[in-house]
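So this one's coords28.cif, mmCIF, C-alpha atoms:
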data_structure
loop_
_atom_site.label_atom_id
_atom_site.label_comp_id
_atom_site.auth_asym_id
_atom_site.auth_seq_id
_atom_site.Cartn_x
_atom_site.Cartn_y
_atom_site.Cartn_z
CA MET A 15 1.69 -15.00 -22.78
CA ARG A 16 2.12 -14.15 -26.40
CA THR A 17 1.66 -10.66 -27.80
CA ALA A 18 -1.57 -11.55 -29.59
CA ALA A 19 -3.08 -12.67 -26.28
CA VAL A 20 -2.07 -9.33 -24.71
CA VAL A 21 -3.85 -7.46 -27.53
CA VAL A 22 -6.95 -9.60 -27.03
CA VAL A 23 -6.98 -8.90 -23.28
CA LEU A 24 -6.60 -5.15 -23.84
CA ALA A 25 -9.37 -5.15 -26.46
CA ALA A 26 -11.61 -7.07 -24.05
CA ILE A 27 -11.02 -4.47 -21.31
CA TRP A 28 -11.83 -1.71 -23.80
CA VAL A 29 -15.07 -3.39 -24.85
CA LEU A 30 -15.99 -4.00 -21.20
CA LEU A 31 -15.53 -0.34 -20.35
CA TRP A 32 -17.60 0.78 -23.32
CA GLY A 33 -20.39 -1.57 -22.31
CA SER A 34 -21.72 -2.98 -25.55
CA ALA A 35 -19.89 -5.46 -27.77
CA SER A 36 -20.68 -3.79 -31.07
CA VAL A 37 -18.46 -4.17 -34.11
CA ALA A 38 -17.19 -0.59 -33.81
CA ASN A 39 -16.17 -1.17 -30.20
CA ILE A 40 -14.35 -4.39 -30.95
CA VAL A 41 -12.47 -2.93 -33.92
CA THR A 42 -11.49 0.15 -31.93
CA GLY A 43 -10.44 -2.09 -29.06
CA VAL A 44 -8.13 -4.12 -31.23
CA LEU A 45 -6.65 -0.93 -32.68
CA VAL A 46 -6.07 0.58 -29.24
CA GLY A 47 -4.57 -2.70 -27.97
CA THR A 48 -2.19 -2.89 -30.90
CA ALA A 49 -1.17 0.74 -30.46
CA LEU A 50 -0.49 0.19 -26.76
CA VAL A 51 1.58 -2.93 -27.38
CA MET A 52 3.68 -1.06 -29.92
CA LEU A 53 4.14 2.05 -27.80
CA VAL A 54 4.67 0.65 -24.29
CA PRO A 55 7.97 -1.25 -24.15
CA GLY A 56 7.12 -3.61 -21.29
CA LEU A 57 3.87 -4.84 -22.72
CA ARG A 58 5.21 -7.19 -25.34
CA GLY A 59 4.46 -10.81 -24.55
CA THR A 60 7.07 -13.47 -24.13
CA LYS A 61 7.40 -16.37 -26.49
CA GLN A 62 6.17 -18.84 -23.88
CA PRO A 63 2.79 -20.36 -24.59
CA LEU A 64 0.00 -19.55 -22.20
CA VAL A 65 -0.25 -22.35 -19.68
CA ILE A 66 -3.64 -22.61 -18.01
CA ARG A 67 -3.91 -24.96 -15.08
CA PRO A 68 -7.58 -24.87 -14.19
CA ILE A 69 -7.33 -27.07 -11.11
CA ALA A 70 -4.53 -25.04 -9.56
CA ILE A 71 -6.27 -21.77 -10.37
CA ALA A 72 -9.50 -23.12 -8.88
CA ARG A 73 -7.66 -24.09 -5.71
CA LEU A 74 -6.09 -20.67 -5.46
CA LEU A 75 -9.45 -18.98 -6.01
CA GLY A 76 -11.12 -21.21 -3.43
CA HIS A 77 -8.42 -20.45 -0.88
CA PHE A 78 -8.72 -16.77 -1.71
CA LEU A 79 -12.50 -16.70 -1.26
CA VAL A 80 -12.29 -18.56 2.04
CA ASP A 81 -9.61 -16.08 3.10
CA LEU A 82 -11.85 -13.15 2.19
CA ILE A 83 -14.76 -14.48 4.21
CA ARG A 84 -12.51 -15.34 7.15
CA SER A 85 -10.84 -11.96 7.15
CA ASN A 86 -14.18 -10.20 7.26
CA ILE A 87 -15.43 -12.38 10.12
CA VAL A 88 -12.25 -11.78 12.10
CA LEU A 89 -12.37 -8.08 11.41
CA THR A 90 -16.05 -7.85 12.34
CA ARG A 91 -15.37 -9.55 15.64
CA GLU A 92 -12.52 -7.20 16.30
CA ILE A 93 -14.49 -4.08 15.45
CA ILE A 94 -17.52 -4.99 17.53
CA ALA A 95 -15.60 -6.26 20.58
CA PRO A 96 -15.66 -3.74 23.44
CA ARG A 97 -12.06 -4.36 24.44
CA SER A 98 -9.63 -4.52 21.58
CA ARG A 99 -7.33 -7.51 21.41
CA ILE A 100 -5.00 -5.94 18.92
CA HIS A 101 -1.46 -7.15 19.35
CA THR A 102 0.43 -5.96 16.31
CA ALA A 103 3.74 -7.20 15.04
CA ILE A 104 5.84 -7.20 11.89
CA VAL A 105 7.08 -10.58 10.72
CA GLY A 106 9.62 -11.21 8.01
CA VAL A 107 9.15 -14.19 5.69
CA GLU A 108 11.92 -15.38 3.40
CA LEU A 109 10.77 -16.37 -0.08
CA PRO A 110 13.85 -17.41 -2.01
CA GLY A 111 13.64 -17.67 -5.74
CA CYS A 112 10.35 -15.87 -6.35
CA SER A 113 9.94 -13.88 -9.53
CA ASP A 114 8.71 -10.30 -9.51
CA GLU A 115 5.28 -11.11 -10.87
CA LEU A 116 4.76 -13.80 -8.27
CA LEU A 117 5.75 -11.39 -5.50
CA THR A 118 3.27 -8.82 -6.79
CA ALA A 119 0.47 -11.37 -6.85
CA ILE A 120 1.31 -12.57 -3.34
CA THR A 121 1.47 -9.01 -2.02
CA ASN A 122 -1.98 -8.27 -3.38
CA LEU A 123 -3.43 -11.51 -2.02
CA LEU A 124 -1.89 -10.91 1.39
CA ALA A 125 -3.42 -7.44 1.58
CA LEU A 126 -6.87 -9.04 1.40
CA ALA A 127 -6.10 -12.06 3.59
CA PRO A 128 -7.12 -12.10 7.27
CA GLY A 129 -4.87 -10.27 9.65
CA THR A 130 -1.94 -9.58 7.35
CA MET A 131 -0.82 -6.51 5.43
CA PRO A 132 2.46 -6.43 3.53
CA VAL A 133 4.59 -3.50 4.63
CA GLU A 134 8.06 -3.84 3.18
CA MET A 135 10.03 -6.04 0.88
CA SER A 136 13.73 -6.49 0.47
CA VAL A 137 15.09 -7.68 -2.82
CA ASP A 138 18.37 -9.31 -1.93
CA PRO A 139 17.69 -11.68 -0.13
CA VAL A 140 14.00 -11.81 -1.01
CA VAL A 141 12.17 -11.19 2.26
CA LEU A 142 8.58 -10.03 2.60
CA TYR A 143 7.65 -8.19 5.80
CA VAL A 144 3.99 -8.38 6.80
CA HIS A 145 2.18 -6.47 9.50
CA VAL A 146 -0.06 -8.71 11.59
CA LEU A 147 -3.06 -7.58 13.64
CA HIS A 148 -3.36 -10.41 16.13
CA LEU A 149 -0.07 -12.09 16.69
CA GLU A 150 -0.35 -15.52 18.22
CA ASP A 151 2.53 -17.43 16.72
CA VAL A 152 5.26 -16.09 14.48
CA GLU A 153 5.88 -19.41 12.76
CA GLU A 154 2.18 -19.75 11.98
CA VAL A 155 2.29 -16.48 10.04
CA ARG A 156 5.30 -17.70 8.09
CA ARG A 157 3.58 -20.99 7.30
CA GLU A 158 0.51 -19.22 6.04
CA VAL A 159 2.47 -16.95 3.75
CA ARG A 160 4.43 -19.91 2.40
CA ARG A 161 1.25 -21.86 1.75
CA LEU A 162 -0.16 -18.94 -0.21
CA THR A 163 3.09 -18.75 -2.16
CA ASP A 164 2.87 -22.43 -3.02
CA LEU A 165 -0.71 -22.14 -4.23
CA ALA A 166 0.08 -19.09 -6.35
CA TYR A 167 3.19 -20.72 -7.74
CA ALA A 168 1.29 -23.87 -8.69
CA ALA A 169 -1.32 -21.80 -10.47
CA PHE A 170 0.74 -19.33 -12.44
CA ALA A 171 4.38 -20.08 -12.90
CA PRO A 172 5.83 -21.91 -15.89
CA ALA A 173 7.54 -25.22 -15.31
CA GLU A 174 10.45 -24.41 -13.02
CA ARG A 175 11.60 -25.54 -9.66
CA ASN A 176 9.50 -24.75 -6.63
CA PRO A 177 10.90 -21.77 -4.64
CA SER A 178 9.99 -22.99 -1.20
CA MET B 5 -35.16 -9.38 -3.63
CA ILE B 6 -31.98 -11.38 -3.35
CA GLY B 7 -30.03 -8.65 -5.12
CA GLN B 8 -31.18 -6.09 -2.60
CA ALA B 9 -30.24 -8.39 0.27
CA ILE B 10 -26.72 -8.88 -1.05
CA THR B 11 -26.34 -5.14 -1.56
CA LEU B 12 -27.48 -4.51 1.99
CA ILE B 13 -24.89 -6.94 3.34
CA GLY B 14 -22.24 -5.16 1.29
CA ALA B 15 -23.33 -1.80 2.64
CA VAL B 16 -23.12 -3.10 6.21
CA LEU B 17 -19.60 -4.31 5.48
CA VAL B 18 -18.60 -0.86 4.27
CA LEU B 19 -20.06 0.57 7.48
CA LEU B 20 -18.05 -1.94 9.53
CA GLY B 21 -14.95 -0.79 7.72
CA ALA B 22 -15.81 2.78 8.67
CA VAL B 23 -16.26 1.84 12.33
CA GLY B 24 -12.95 0.01 12.24
CA VAL B 25 -11.15 2.97 10.73
CA LEU B 26 -12.57 5.10 13.51
CA ARG B 27 -11.80 2.70 16.34
CA PHE B 28 -8.40 1.21 15.65
CA PRO B 29 -5.53 2.88 17.44
CA ASP B 30 -2.92 3.14 14.74
CA PRO B 31 -2.69 4.06 11.00
CA LEU B 32 -1.41 0.62 10.01
CA ALA B 33 -4.31 -1.12 11.74
CA ARG B 34 -6.77 1.29 10.14
CA MET B 35 -5.48 0.27 6.75
CA HIS B 36 -6.36 -3.32 7.61
CA ALA B 37 -9.97 -2.30 8.19
CA LEU B 38 -10.19 -0.28 5.01
CA THR B 39 -8.79 -2.86 2.60
CA LYS B 40 -10.48 -5.92 3.98
CA ALA B 41 -13.95 -4.75 4.89
CA SER B 42 -14.68 -1.94 2.49
CA THR B 43 -13.32 -3.59 -0.63
CA VAL B 44 -15.40 -6.70 -0.11
CA GLY B 45 -18.33 -4.44 0.76
CA VAL B 46 -18.16 -2.65 -2.58
CA GLY B 47 -17.81 -6.01 -4.33
CA LEU B 48 -20.96 -7.31 -2.70
CA VAL B 49 -22.86 -4.11 -3.53
CA ALA B 50 -21.92 -4.55 -7.18
CA ILE B 51 -22.84 -8.26 -7.20
CA GLY B 52 -26.19 -7.43 -5.66
CA SER B 53 -26.77 -4.78 -8.28
CA ALA B 54 -26.24 -7.35 -11.05
CA PHE B 55 -29.56 -8.93 -10.08
CA VAL B 56 -31.49 -5.67 -10.24
CA LEU B 57 -30.03 -3.45 -12.92
CA PRO B 58 -31.97 -3.55 -16.21
CA THR B 59 -29.38 -3.32 -18.99
CA ALA B 60 -26.17 -5.32 -19.45
CA ASN B 61 -24.25 -2.10 -20.03
CA ASP B 62 -25.02 -0.98 -16.46
CA ILE B 63 -24.12 -4.34 -14.98
CA THR B 64 -20.70 -4.38 -16.64
CA SER B 65 -20.03 -0.83 -15.49
CA ALA B 66 -20.90 -1.64 -11.87
CA ILE B 67 -18.94 -4.89 -11.82
CA GLY B 68 -16.07 -3.16 -13.59
CA ALA B 69 -15.95 -0.45 -10.94
CA ALA B 70 -15.89 -2.99 -8.10
CA LEU B 71 -13.28 -5.13 -9.89
CA LEU B 72 -11.07 -2.11 -10.45
CA GLN B 73 -11.35 -1.20 -6.78
CA PHE B 74 -10.51 -4.78 -5.83
CA LEU B 75 -7.38 -4.75 -7.94
CA THR B 76 -6.06 -1.33 -7.02
CA LEU B 77 -6.88 -0.80 -3.34
CA PRO B 78 -4.45 -3.46 -2.02
CA ILE B 79 -1.65 -1.89 -4.05
CA SER B 80 -2.20 1.64 -2.81
CA ALA B 81 -2.76 0.43 0.76
CA SER B 82 0.52 -1.53 0.80
CA LEU B 83 2.34 1.49 -0.59
CA LEU B 84 0.81 3.71 2.06
CA ALA B 85 1.61 1.17 4.78
CA ARG B 86 5.25 1.03 3.76
CA VAL B 87 5.61 4.79 3.72
CA THR B 88 3.72 5.22 7.00
CA TYR B 89 5.98 2.75 8.73
CA HIS B 90 9.16 4.43 7.62
CA ALA B 91 8.02 8.02 8.17
CA ARG B 92 9.64 9.57 11.22
CA GLY B 93 6.80 11.92 12.08
CA ILE B 94 4.10 9.24 12.17
CA PRO B 95 4.26 6.98 15.22
CA SER B 96 3.38 3.38 14.45
CA ARG B 97 2.53 1.19 17.34
CA VAL B 98 4.02 -2.27 17.19
CA ASP B 99 3.32 -4.36 20.27
CA ALA B 100 5.31 -7.51 19.76
CA VAL B 101 8.03 -8.74 17.46
CA ASP B 102 9.32 -6.16 15.03
CA GLU B 103 11.73 -7.70 12.60
CA LEU B 104 11.95 -4.58 10.51
CA ALA B 105 13.15 -2.23 13.21
CA ASP B 106 16.85 -2.39 12.59
CA ARG B 107 16.70 -1.93 8.86
CA SER B 108 17.18 1.55 7.52
CA PRO B 109 14.52 2.72 5.05
CA PRO B 110 15.52 2.13 1.45
CA ARG B 111 16.30 5.09 -0.74
CA PRO B 112 13.40 6.29 -2.92
CA MET C 29 -34.67 -2.17 1.70
CA ILE C 30 -32.88 0.27 -0.53
CA GLU C 31 -33.51 3.09 1.90
CA ILE C 32 -31.69 1.17 4.62
CA ALA C 33 -28.72 0.80 2.29
CA TYR C 34 -28.73 4.55 1.69
CA VAL C 35 -28.72 5.29 5.41
CA VAL C 36 -26.03 2.73 6.16
CA LEU C 37 -23.75 4.04 3.41
CA GLY C 38 -24.35 7.65 4.38
CA LEU C 39 -23.39 6.83 7.96
CA ALA C 40 -20.25 5.09 6.71
CA ALA C 41 -19.31 8.16 4.66
CA VAL C 42 -19.76 10.40 7.71
CA LEU C 43 -17.61 8.12 9.87
CA PHE C 44 -14.85 8.03 7.28
CA ALA C 45 -15.00 11.81 7.00
CA GLY C 46 -14.67 11.96 10.79
CA ARG C 47 -11.42 10.08 10.56
CA ALA C 48 -10.28 12.35 7.75
CA ILE C 49 -10.89 15.40 9.93
CA ALA C 50 -9.63 14.05 13.23
CA GLY C 51 -6.72 11.84 12.17
CA PRO C 52 -3.52 13.07 13.74
CA SER C 53 -1.34 12.15 10.80
CA LEU C 54 -1.54 12.53 7.04
CA SER C 55 -1.93 8.79 6.53
CA ASP C 56 -5.07 8.79 8.64
CA ARG C 57 -6.57 11.56 6.60
CA VAL C 58 -5.87 9.87 3.30
CA ILE C 59 -7.38 6.65 4.62
CA GLY C 60 -10.47 8.59 5.59
CA ILE C 61 -10.77 10.19 2.16
CA ASP C 62 -10.29 6.82 0.49
CA GLY C 63 -13.13 5.49 2.60
CA VAL C 64 -15.36 8.40 1.62
CA ILE C 65 -14.66 7.60 -2.03
CA VAL C 66 -15.51 3.92 -1.48
CA SER C 67 -18.77 4.95 0.18
CA GLY C 68 -19.46 7.28 -2.73
CA MET C 69 -18.98 4.48 -5.24
CA SER C 70 -21.37 2.26 -3.32
CA ILE C 71 -23.98 5.02 -3.11
CA ILE C 72 -23.77 5.56 -6.87
CA ILE C 73 -24.39 1.85 -7.49
CA VAL C 74 -27.27 1.74 -5.00
CA ASN C 75 -28.82 4.80 -6.62
CA ALA C 76 -28.63 3.11 -10.03
CA MET C 77 -30.44 0.14 -8.52
CA ASP C 78 -33.06 2.39 -6.98
CA THR C 79 -33.96 4.61 -9.92
CA GLY C 80 -33.18 2.14 -12.70
CA ARG C 81 -31.09 4.73 -14.55
CA GLY C 82 -27.45 3.82 -14.82
CA ALA C 83 -26.20 7.11 -16.20
CA PHE C 84 -23.84 7.69 -13.27
CA LEU C 85 -22.17 4.28 -13.21
CA PRO C 86 -19.13 5.31 -15.31
CA ALA C 87 -18.52 7.88 -12.58
CA ALA C 88 -18.04 4.98 -10.15
CA VAL C 89 -15.36 3.51 -12.42
CA VAL C 90 -13.60 6.86 -12.59
CA LEU C 91 -13.81 7.24 -8.80
CA ALA C 92 -12.01 3.92 -8.32
CA LEU C 93 -9.17 5.07 -10.55
CA VAL C 94 -9.01 8.51 -8.95
CA SER C 95 -8.80 7.09 -5.45
CA PHE C 96 -5.98 4.76 -6.46
CA VAL C 97 -3.94 7.48 -8.13
CA GLY C 98 -4.61 9.97 -5.34
CA THR C 99 -3.61 7.60 -2.54
CA SER C 100 -0.41 6.62 -4.34
CA VAL C 101 0.52 10.26 -4.92
CA VAL C 102 -0.03 11.13 -1.25
CA ALA C 103 2.08 8.09 -0.28
CA ARG C 104 4.92 9.43 -2.42
CA PHE C 105 4.48 12.81 -0.79
CA ILE C 106 4.73 11.36 2.73
CA GLU C 107 7.83 9.47 1.70
CA GLY C 108 9.45 12.65 0.49
CA ARG C 109 8.53 14.69 3.51
CA GLY C 110 9.02 12.08 6.20
CA GLU C 111 5.95 13.28 8.01
#

Can I see the file as structure tokens?
Amino acid sequence: MRTAAVVVVLAAIWVLLWGSASVANIVTGVLVGTALVMLVPGLRGTKQPLVIRPIAIARLLGHFLVDLIRSNIVLTREIIAPRSRIHTAIVGVELPGCSDELLTAITNLLALAPGTMPVEMSVDPVVLYVHVLHLEDVEEVRREVRRLTDLAYAAFAPAERNPS
Amino acid sequence: MIGQAITLIGAVLVLLGAVGVLRFPDPLARMHALTKASTVGVGLVAIGSAFVLPTANDITSAIGAALLQFLTLPISASLLARVTYHARGIPSRVDAVDELADRSPPRP
Amino acid sequence: MIEIAYVVLGLAAVLFAGRAIAGPSLSDRVIGIDGVIVSGMSIIIVNAMDTGRGAFLPAAVVLALVSFVGTSVVARFIEGRGE
């Protein structure tokens, strides 16, 4: 997104933390945002316009919420069960062509998804290793991770070719 | 009334996370319990509080705290999981397939 | 109903502290402490709901940041020590 949008987001976070949207807070927020963008080298926005795809983002959010509810149900069943059915494994999933930001988003989403926790990542070739609680089928885990990657890619990435 | 009910469900979720952290056999599995149950639990507690708290300032602070926890706990848990797996002194139990076993840990 | 929430969250904090004391490895202890901090955040929010005074809610925001930074620092430490 452009640099002005970054300043607006930072000012919004500042106002949110201060609580009330008074004029003093907003002005201070814009000043702090501008100072941060000038001082921190990685914070400058790119020249690409901000592309918002509401349908794709809504699909990703819906999948994410269903995943949250499912993960808690699965975990509750596991915690209450008298005999544990834990059968752990570490599965590697290749994700060729993913950018760094997409990998970060997928890692965070996988940490909240049912049964998976990202453990390690190799950069060349791009492989994400996830730790699974109940392993039933290795290919099923890979399919799930790839489906999440597709949803995240459809929601966020600029117009490029699909990695998977 | 509905706010208190949602908060109570969130509190029960945090308690389930605590039971899971106590019961699971292995540090990696305990991280599963912490990130999935307790994070959603705090989120529900904050959402329930939005119905009850009087001023908007308080509501944004509570939701901001839960949102911050939501964003940061997966990151720190993945970092801890990676380091726990590679550490020689901490035994990690992996029952089935382990596709990471033959890779040496990357340099810090 | 708020009293039940207090009891439930207090029990959760005690269980997390149990893991922090008993965990054989450093990772277990830091998970336990992280859980105690999460329980503390929830208790602060429930207390604000109960008394109607939200003076302690910024402390919950700070606790979230502190737990994140603390867990990451301990993870770096384990990586350096290998145990």

Each chain C residue no farther than 12 Å from chain A, nearest pair in Å, all atoms listed in the file, as a tab-separated table:
residue	atom	partner	partner_atom	distance
C:Gly82	CA	A:Gly33	CA	11.6
C:Leu85	CA	A:Leu31	CA	10.8
C:Pro86	CA	A:Leu31	CA	8.4
C:Ala87	CA	A:Leu31	CA	11.7
C:Ala88	CA	A:Leu31	CA	11.8
C:Val89	CA	A:Leu31	CA	8.8
C:Val90	CA	A:Leu31	CA	10.8

Please report as a PyMOL selection string which residues of chain B come no farther than 8 Å from chain A, using only C-alpha atoms. chain B and resi 20+23-24+27+32-33+36-37+39-41+44+60-62+64-65+68+75+78-79+81-83+85-86+89+97-104

I need the residue set behind the PyMOL selection byres ((chain C and resi 56-67) around 8) for this file; please write it as number ranges by chain. B: 18, 22, 25, 31, 34-35, 38, 42-43, 46; C: 37-38, 40-42, 44-55, 68-71, 91-92, 95, 99, 102

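Between atom CA of Phe170 of chain A and atom CA of Glu115 of chain A there is a distance of 9.5 Å.
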
Would you please work out which residue, of C:Val35, C:Phe105, C:Gly110, C:Phe84, is nearest to chain B when using all atoms listed in the file? C:Gly110

Distance in Å - atom CA of Val87 of chain B versus atom CA of Gly108 of chain C: 9.3 Å

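If you count only C-alpha atoms and ignore residues fewer than 6 places along the chain from Ile67 of chain B, what sits within 10 Å of it is Leu30 of chain A; Val46, Gly47, Leu48, Val49, Ala50, Ile51, Gly52, Ser53, Ala54 and Gln73 of chain B; Ile73, Leu85 and Val89 of chain C.
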
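Comparing the minimum interatomic distances between chain C and each of B:Thr59, B:Leu19, B:His90, B:Asp30, counting only C-alpha atoms, we find that B:Leu19 sits nearest.
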
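Taking atom CA of Thr17 of chain A as the reference point, atom CA of Pro110 of chain A is found at 29.3 Å.
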
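Distances here use only C-alpha atoms; by that measure, the residue among A:Leu117, A:Ala18, A:Ala25, A:Ala168 closest to Val37 of chain A is A:Ala25.
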
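The nearest approach to Ile63 of chain B among the residues C:Ser100, C:Ala83, C:Val36, C:Leu93, with all atoms listed in the file taken into account, belongs to C:Ala83.
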
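Under the PyMOL selection byres ((chain B and resi 56) around 9), the matching residues in the shown file are B:Met5, B:Ile6, B:Gly7, B:Gln8, B:Gly52, B:Ser53, B:Ala54, B:Phe55, B:Leu57, B:Pro58, B:Ile63, C:Met77, C:Asp78, C:Gly80.
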
Keeping C-alpha atoms, export the residues of the selection given above as a short mmCIF file (atom, residue, chain, number, x, y, z; two decimals), in the frame of the given file.
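The resulting file, part_9.cif, is shown below:
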data_model
loop_
_atom_site.label_atom_id
_atom_site.label_comp_id
_atom_site.auth_asym_id
_atom_site.auth_seq_id
_atom_site.Cartn_x
_atom_site.Cartn_y
_atom_site.Cartn_z
CA MET B 5 -35.16 -9.38 -3.63
CA ILE B 6 -31.98 -11.38 -3.35
CA GLY B 7 -30.03 -8.65 -5.12
CA GLN B 8 -31.18 -6.09 -2.60
CA GLY B 52 -26.19 -7.43 -5.66
CA SER B 53 -26.77 -4.78 -8.28
CA ALA B 54 -26.24 -7.35 -11.05
CA PHE B 55 -29.56 -8.93 -10.08
CA LEU B 57 -30.03 -3.45 -12.92
CA PRO B 58 -31.97 -3.55 -16.21
CA ILE B 63 -24.12 -4.34 -14.98
CA MET C 77 -30.44 0.14 -8.52
CA ASP C 78 -33.06 2.39 -6.98
CA GLY C 80 -33.18 2.14 -12.70
#

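Closest approach to chain C from the set B:Ile10, B:Leu17, B:Phe74, B:Leu84 is made by B:Leu84, with distances taken over only C-alpha atoms.
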
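In terms of minimum interatomic distance to Arg156 of chain A, A:Leu109 ranks closest within A:Ala119, A:Ala70, A:Leu109, A:Val51, counting all atoms listed in the file.
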